[in-house]
file work17.pdb (PDB, C-alpha atoms)
ATOM      1  CA  MET Q1345       2.635   3.962  -7.214  1.00  0.00           C
ATOM      2  CA  LYS Q1346       6.304   4.353  -7.976  1.00  0.00           C
ATOM      3  CA  SER Q1347       8.338   1.260  -8.853  1.00  0.00           C
ATOM      4  CA  PRO Q1348      10.168  -0.490  -7.342  1.00  0.00           C
ATOM      5  CA  PHE Q1349       8.179  -1.212  -4.224  1.00  0.00           C
ATOM      6  CA  ILE Q1350      10.722  -2.168  -1.554  1.00  0.00           C
ATOM      7  CA  LEU Q1351      10.348  -4.408   1.478  1.00  0.00           C
ATOM      8  CA  TYR Q1352      12.940  -5.820   3.857  1.00  0.00           C
ATOM      9  CA  GLY Q1353      12.914  -9.329   5.254  1.00  0.00           C
ATOM     10  CA  LYS Q1354      13.568 -10.346   8.840  1.00  0.00           C
ATOM     11  CA  SER Q1355      17.174 -10.994   7.793  1.00  0.00           C
ATOM     12  CA  GLY Q1356      17.527  -7.384   6.616  1.00  0.00           C
ATOM     13  CA  LYS Q1357      17.641  -8.457   2.967  1.00  0.00           C
ATOM     14  CA  LYS Q1358      16.155  -5.898   0.562  1.00  0.00           C
ATOM     15  CA  TYR Q1359      13.421  -7.081  -1.837  1.00  0.00           C
ATOM     16  CA  GLU Q1360      12.484  -5.000  -4.869  1.00  0.00           C
ATOM     17  CA  PHE Q1361       9.124  -5.528  -6.551  1.00  0.00           C
ATOM     18  CA  HIS Q1362       9.424  -3.958  -9.999  1.00  0.00           C
ATOM     19  CA  SER Q1363       5.958  -4.925 -11.261  1.00  0.00           C
ATOM     20  CA  ILE Q1364       2.967  -3.335  -9.541  1.00  0.00           C
ATOM     21  CA  TYR Q1365      -0.546  -3.811 -10.910  1.00  0.00           C
ATOM     22  CA  PRO Q1366      -4.062  -2.811  -9.913  1.00  0.00           C
ATOM     23  CA  ILE Q1367      -5.758  -5.953  -8.653  1.00  0.00           C
ATOM     24  CA  SER Q1368      -8.448  -5.604 -11.320  1.00  0.00           C
ATOM     25  CA  THR Q1369      -5.853  -6.311 -14.044  1.00  0.00           C
ATOM     26  CA  LEU Q1370      -4.741  -9.719 -12.676  1.00  0.00           C
ATOM     27  CA  PRO Q1371      -7.023 -11.818 -14.896  1.00  0.00           C
ATOM     28  CA  ASN Q1372      -5.457 -10.253 -18.016  1.00  0.00           C
ATOM     29  CA  LEU Q1373      -1.772 -10.397 -17.058  1.00  0.00           C
ATOM     30  CA  LYS Q1374       0.605 -12.602 -19.038  1.00  0.00           C
ATOM     31  CA  PHE Q1375       3.537 -14.185 -17.182  1.00  0.00           C
ATOM     32  CA  GLN Q1376       6.816 -15.499 -18.505  1.00  0.00           C
ATOM     33  CA  GLU Q1377       7.160 -19.249 -18.337  1.00  0.00           C
ATOM     34  CA  ASP Q1378       9.955 -20.868 -16.325  1.00  0.00           C
ATOM     35  CA  PHE Q1379       9.850 -18.185 -13.650  1.00  0.00           C
ATOM     36  CA  GLY Q1380       8.350 -18.207 -10.208  1.00  0.00           C
ATOM     37  CA  ILE Q1381       7.116 -15.140  -8.396  1.00  0.00           C
ATOM     38  CA  ILE Q1382       6.772 -13.744  -4.926  1.00  0.00           C
ATOM     39  CA  TYR Q1383       3.726 -11.519  -4.823  1.00  0.00           C
ATOM     40  CA  VAL Q1384       2.366  -9.102  -2.263  1.00  0.00           C
ATOM     41  CA  TYR Q1385      -1.256  -8.040  -2.091  1.00  0.00           C
ATOM     42  CA  LEU Q1386      -1.405  -4.400  -0.955  1.00  0.00           C
ATOM     43  CA  HIS Q1387      -3.931  -1.775  -0.059  1.00  0.00           C
ATOM     44  CA  ILE Q1388      -2.652   1.636  -1.110  1.00  0.00           C
ATOM     45  CA  ASP Q1389      -4.413   4.912  -0.416  1.00  0.00           C
ATOM     46  CA  SER Q1390      -3.304   8.513  -0.098  1.00  0.00           C
ATOM     47  CA  ASN Q1391      -2.264   8.055   3.538  1.00  0.00           C
ATOM     48  CA  ASN Q1392      -0.517   4.681   3.738  1.00  0.00           C
ATOM     49  CA  ILE Q1393       0.282   1.236   2.397  1.00  0.00           C
ATOM     50  CA  ARG Q1394      -1.119  -1.837   4.142  1.00  0.00           C
ATOM     51  CA  LEU Q1395       0.517  -5.222   3.609  1.00  0.00           C
ATOM     52  CA  ILE Q1396      -2.279  -7.732   3.154  1.00  0.00           C
ATOM     53  CA  TYR Q1397      -0.730 -11.011   2.033  1.00  0.00           C
ATOM     54  CA  CYS Q1398       2.557 -12.409   0.728  1.00  0.00           C
ATOM     55  CA  GLY Q1399       2.822 -15.600  -1.291  1.00  0.00           C
ATOM     56  CA  LYS Q1400       4.856 -17.431  -3.900  1.00  0.00           C
ATOM     57  CA  ASP Q1401       4.014 -19.603  -6.876  1.00  0.00           C
ATOM     58  CA  GLU Q1402       5.346 -21.141 -10.060  1.00  0.00           C
ATOM     59  CA  ASN Q1403       2.002 -20.767 -11.853  1.00  0.00           C
ATOM     60  CA  PRO Q1404       0.809 -17.202 -11.131  1.00  0.00           C
ATOM     61  CA  PRO Q1405      -2.408 -17.208 -13.199  1.00  0.00           C
ATOM     62  CA  LYS Q1406      -3.648 -20.362 -11.451  1.00  0.00           C
ATOM     63  CA  ARG Q1407      -2.678 -19.032  -8.006  1.00  0.00           C
ATOM     64  CA  PHE Q1408      -4.346 -15.657  -8.540  1.00  0.00           C
ATOM     65  CA  ARG Q1409      -7.534 -17.405  -9.703  1.00  0.00           C
ATOM     66  CA  ALA Q1410      -7.448 -19.554  -6.543  1.00  0.00           C
ATOM     67  CA  HIS Q1411      -7.175 -16.430  -4.370  1.00  0.00           C
ATOM     68  CA  GLU Q1412     -10.072 -14.858  -6.260  1.00  0.00           C
ATOM     69  CA  GLU Q1413     -12.254 -17.918  -5.654  1.00  0.00           C
ATOM     70  CA  ASN Q1414     -11.173 -18.950  -2.137  1.00  0.00           C
ATOM     71  CA  ASP Q1415      -9.656 -15.966  -0.337  1.00  0.00           C
ATOM     72  CA  LYS Q1416     -12.278 -13.239  -0.480  1.00  0.00           C
ATOM     73  CA  ASN Q1417     -10.832 -11.543   2.605  1.00  0.00           C
ATOM     74  CA  ILE Q1418      -7.473 -11.035   0.855  1.00  0.00           C
ATOM     75  CA  ILE Q1419      -9.108  -9.795  -2.339  1.00  0.00           C
ATOM     76  CA  SER Q1420     -11.555  -7.457  -0.588  1.00  0.00           C
ATOM     77  CA  LYS Q1421      -8.784  -5.778   1.400  1.00  0.00           C
ATOM     78  CA  SER Q1422      -6.423  -5.309  -1.577  1.00  0.00           C
ATOM     79  CA  ASN Q1423      -6.279  -2.907  -4.490  1.00  0.00           C
ATOM     80  CA  PHE Q1424      -2.773  -3.644  -5.857  1.00  0.00           C
ATOM     81  CA  VAL Q1425      -0.389  -6.559  -6.215  1.00  0.00           C
ATOM     82  CA  ALA Q1426       3.404  -6.216  -6.380  1.00  0.00           C
ATOM     83  CA  ILE Q1427       5.432  -8.934  -8.093  1.00  0.00           C
ATOM     84  CA  CYS Q1428       9.065 -10.049  -7.922  1.00  0.00           C
ATOM     85  CA  HIS Q1429      10.237 -12.665 -10.484  1.00  0.00           C
ATOM     86  CA  TYR Q1430      12.475 -15.612  -9.561  1.00  0.00           C
ATOM     87  CA  LEU Q1431      14.500 -18.011 -11.666  1.00  0.00           C
ATOM     88  CA  TYR Q1432      15.778 -20.059  -8.701  1.00  0.00           C
ATOM     89  CA  LEU Q1433      12.796 -21.579  -6.941  1.00  0.00           C
ATOM     90  CA  LYS Q1434      14.617 -22.646  -3.752  1.00  0.00           C
ATOM     91  CA  GLU Q1435      15.725 -19.036  -3.239  1.00  0.00           C
ATOM     92  CA  MET Q1436      12.117 -17.941  -3.768  1.00  0.00           C
ATOM     93  CA  GLU Q1437      10.918 -20.316  -1.037  1.00  0.00           C
ATOM     94  CA  ASN Q1438      13.406 -18.998   1.522  1.00  0.00           C
ATOM     95  CA  ASP Q1439      12.760 -15.367   0.570  1.00  0.00           C
ATOM     96  CA  GLU Q1440       9.006 -15.738   1.023  1.00  0.00           C
ATOM     97  CA  ILE Q1441       9.523 -16.890   4.613  1.00  0.00           C
ATOM     98  CA  ASP Q1442      12.008 -14.073   5.259  1.00  0.00           C
ATOM     99  CA  LEU Q1443       9.521 -11.490   3.960  1.00  0.00           C
ATOM    100  CA  ILE Q1444       6.586 -12.862   5.930  1.00  0.00           C
ATOM    101  CA  LYS Q1445       8.570 -13.067   9.164  1.00  0.00           C
ATOM    102  CA  GLY Q1446       9.898  -9.541   8.691  1.00  0.00           C
ATOM    103  CA  ASN Q1447       6.674  -7.692   7.858  1.00  0.00           C
ATOM    104  CA  PRO Q1448       3.197  -7.240   9.365  1.00  0.00           C
ATOM    105  CA  PHE Q1449       1.079  -8.957   6.694  1.00  0.00           C
ATOM    106  CA  GLU Q1450      -2.536  -8.971   7.809  1.00  0.00           C
ATOM    107  CA  GLU Q1451      -3.438 -12.360   6.322  1.00  0.00           C
ATOM    108  CA  ASN Q1452      -0.231 -14.426   6.705  1.00  0.00           C
ATOM    109  CA  ILE Q1453      -0.964 -15.999  10.051  1.00  0.00           C
ATOM    110  CA  GLN Q1454       1.530 -18.879   9.764  1.00  0.00           C
ATOM    111  CA  TYR Q1455       4.521 -16.735  10.744  1.00  0.00           C
ATOM    112  CA  ASN Q1456       2.886 -13.932  12.703  1.00  0.00           C
ATOM    113  CA  SER Q1457       3.967 -13.862  16.310  1.00  0.00           C
TER     114      SER Q1457
END
call {"tool": "encode", "arguments": {"input": "work17.pdb", "output": "structure tokens"}}
result
Amino acid sequence: MKSPFILYGKSGKKYEFHSIYPISTLPNLKFQEDFGIIYVYLHIDSNNIRLIYCGKDENPPKRFRAHEENDKNIISKSNFVAICHYLYLKEMENDEIDLIKGNPFEENIQYNS
């Protein structure tokens, strides 16, 4: 998949995800400290891209392990994860909501209408 992966929030704001990894590589990824991330689980095939789940966290390895253990439906539907790094955590929180409200994520039921 070509980087960046681009999504737009409900506000119209453009979000660029410059890091895209096969889901199988998540246990081995190293993350910079002092940064948060917004991440998007995706299913990509030759015909389309499905948006599975969007989340945010300040401790990505711990969060990805929690998904692996507790969210089998997200993991089973996904084959890639796209990541956007954040220095300002309050901005990250607002952007996550904007992205979820503006896109048809299959597993983010809290903002689906």
call {"tool": "atom_distance", "arguments": {"input": "work17.pdb", "atom1": "atom CA of Q:Lys1357", "atom2": "atom CA of Q:Lys1445"}}
result
11.9 Å
call {"tool": "residues_around", "arguments": {"input": "work17.pdb", "residues": "stretch 1407-1421 of chain Q", "least_positions_apart": "6", "cutoff": "9 Å", "atoms": "all atoms listed in the file", "output": "list of chain:residue names"}}
result
Q:Ile1367, Q:Leu1370, Q:Pro1371, Q:Tyr1385, Q:Leu1386, Q:His1387, Q:Ile1396, Q:Tyr1397, Q:Lys1400, Q:Asp1401, Q:Glu1450, Q:Glu1451
call {"tool": "resolve_selection", "arguments": {"input": "work17.pdb", "expression": "the PyMOL selection byres ((chain Q and resi 1432) around 12)", "output": "list of chain:residue names"}}
result
Q:Asp1378, Q:Phe1379, Q:Gly1380, Q:Ile1381, Q:Ile1382, Q:Asp1401, Q:Glu1402, Q:His1429, Q:Tyr1430, Q:Leu1431, Q:Leu1433, Q:Lys1434, Q:Glu1435, Q:Met1436, Q:Glu1437, Q:Asn1438, Q:Asp1439
call {"tool": "resolve_selection", "arguments": {"input": "work17.pdb", "expression": "the PyMOL selection byres ((chain Q and resi 1360-1362) around 8)", "output": "short mmCIF file (atom, residue, chain, number, x, y, z; two decimals) with C-alpha atoms, in the frame of the given file"}}
result
data_model
loop_
_atom_site.label_atom_id
_atom_site.label_comp_id
_atom_site.auth_asym_id
_atom_site.auth_seq_id
_atom_site.Cartn_x
_atom_site.Cartn_y
_atom_site.Cartn_z
CA SER Q 1347 8.34 1.26 -8.85
CA PRO Q 1348 10.17 -0.49 -7.34
CA PHE Q 1349 8.18 -1.21 -4.22
CA ILE Q 1350 10.72 -2.17 -1.55
CA LEU Q 1351 10.35 -4.41 1.48
CA LYS Q 1358 16.16 -5.90 0.56
CA TYR Q 1359 13.42 -7.08 -1.84
CA SER Q 1363 5.96 -4.92 -11.26
CA ILE Q 1364 2.97 -3.34 -9.54
CA ALA Q 1426 3.40 -6.22 -6.38
CA ILE Q 1427 5.43 -8.93 -8.09
CA CYS Q 1428 9.06 -10.05 -7.92
#
call {"tool": "closest_residue", "arguments": {"input": "work17.pdb", "among": "Q:Leu1373, Q:Ile1393, Q:Ile1388, Q:Cys1398", "to": "Q:Glu1440", "atoms": "all atoms listed in the file"}}
result
Q:Cys1398
call {"tool": "closest_residue", "arguments": {"input": "work17.pdb", "among": "Q:Thr1369, Q:Ser1422, Q:Ser1355, Q:Ser1390", "to": "Q:Leu1443", "atoms": "all atoms listed in the file"}}
result
Q:Ser1355
call {"tool": "axis_aligned_box", "arguments": {"input": "work17.pdb", "around": "stretch 1365-1384 of chain Q", "padding_each_side": "3 Å", "output": "lines of an AutoDock Vina configuration file"}}
result
center_x = 0.8
center_y = -11.8
center_z = -10.7
size_x = 24.4
size_y = 24.1
size_z = 22.8
call {"tool": "atom_distance", "arguments": {"input": "work17.pdb", "atom1": "atom CA of Q:Gly1446", "atom2": "atom CA of Q:Phe1424"}}
result
20.2 Å
call {"tool": "atom_distance", "arguments": {"input": "work17.pdb", "atom1": "atom CA of Q:Gly1356", "atom2": "atom CA of Q:Arg1394"}}
result
19.6 Å
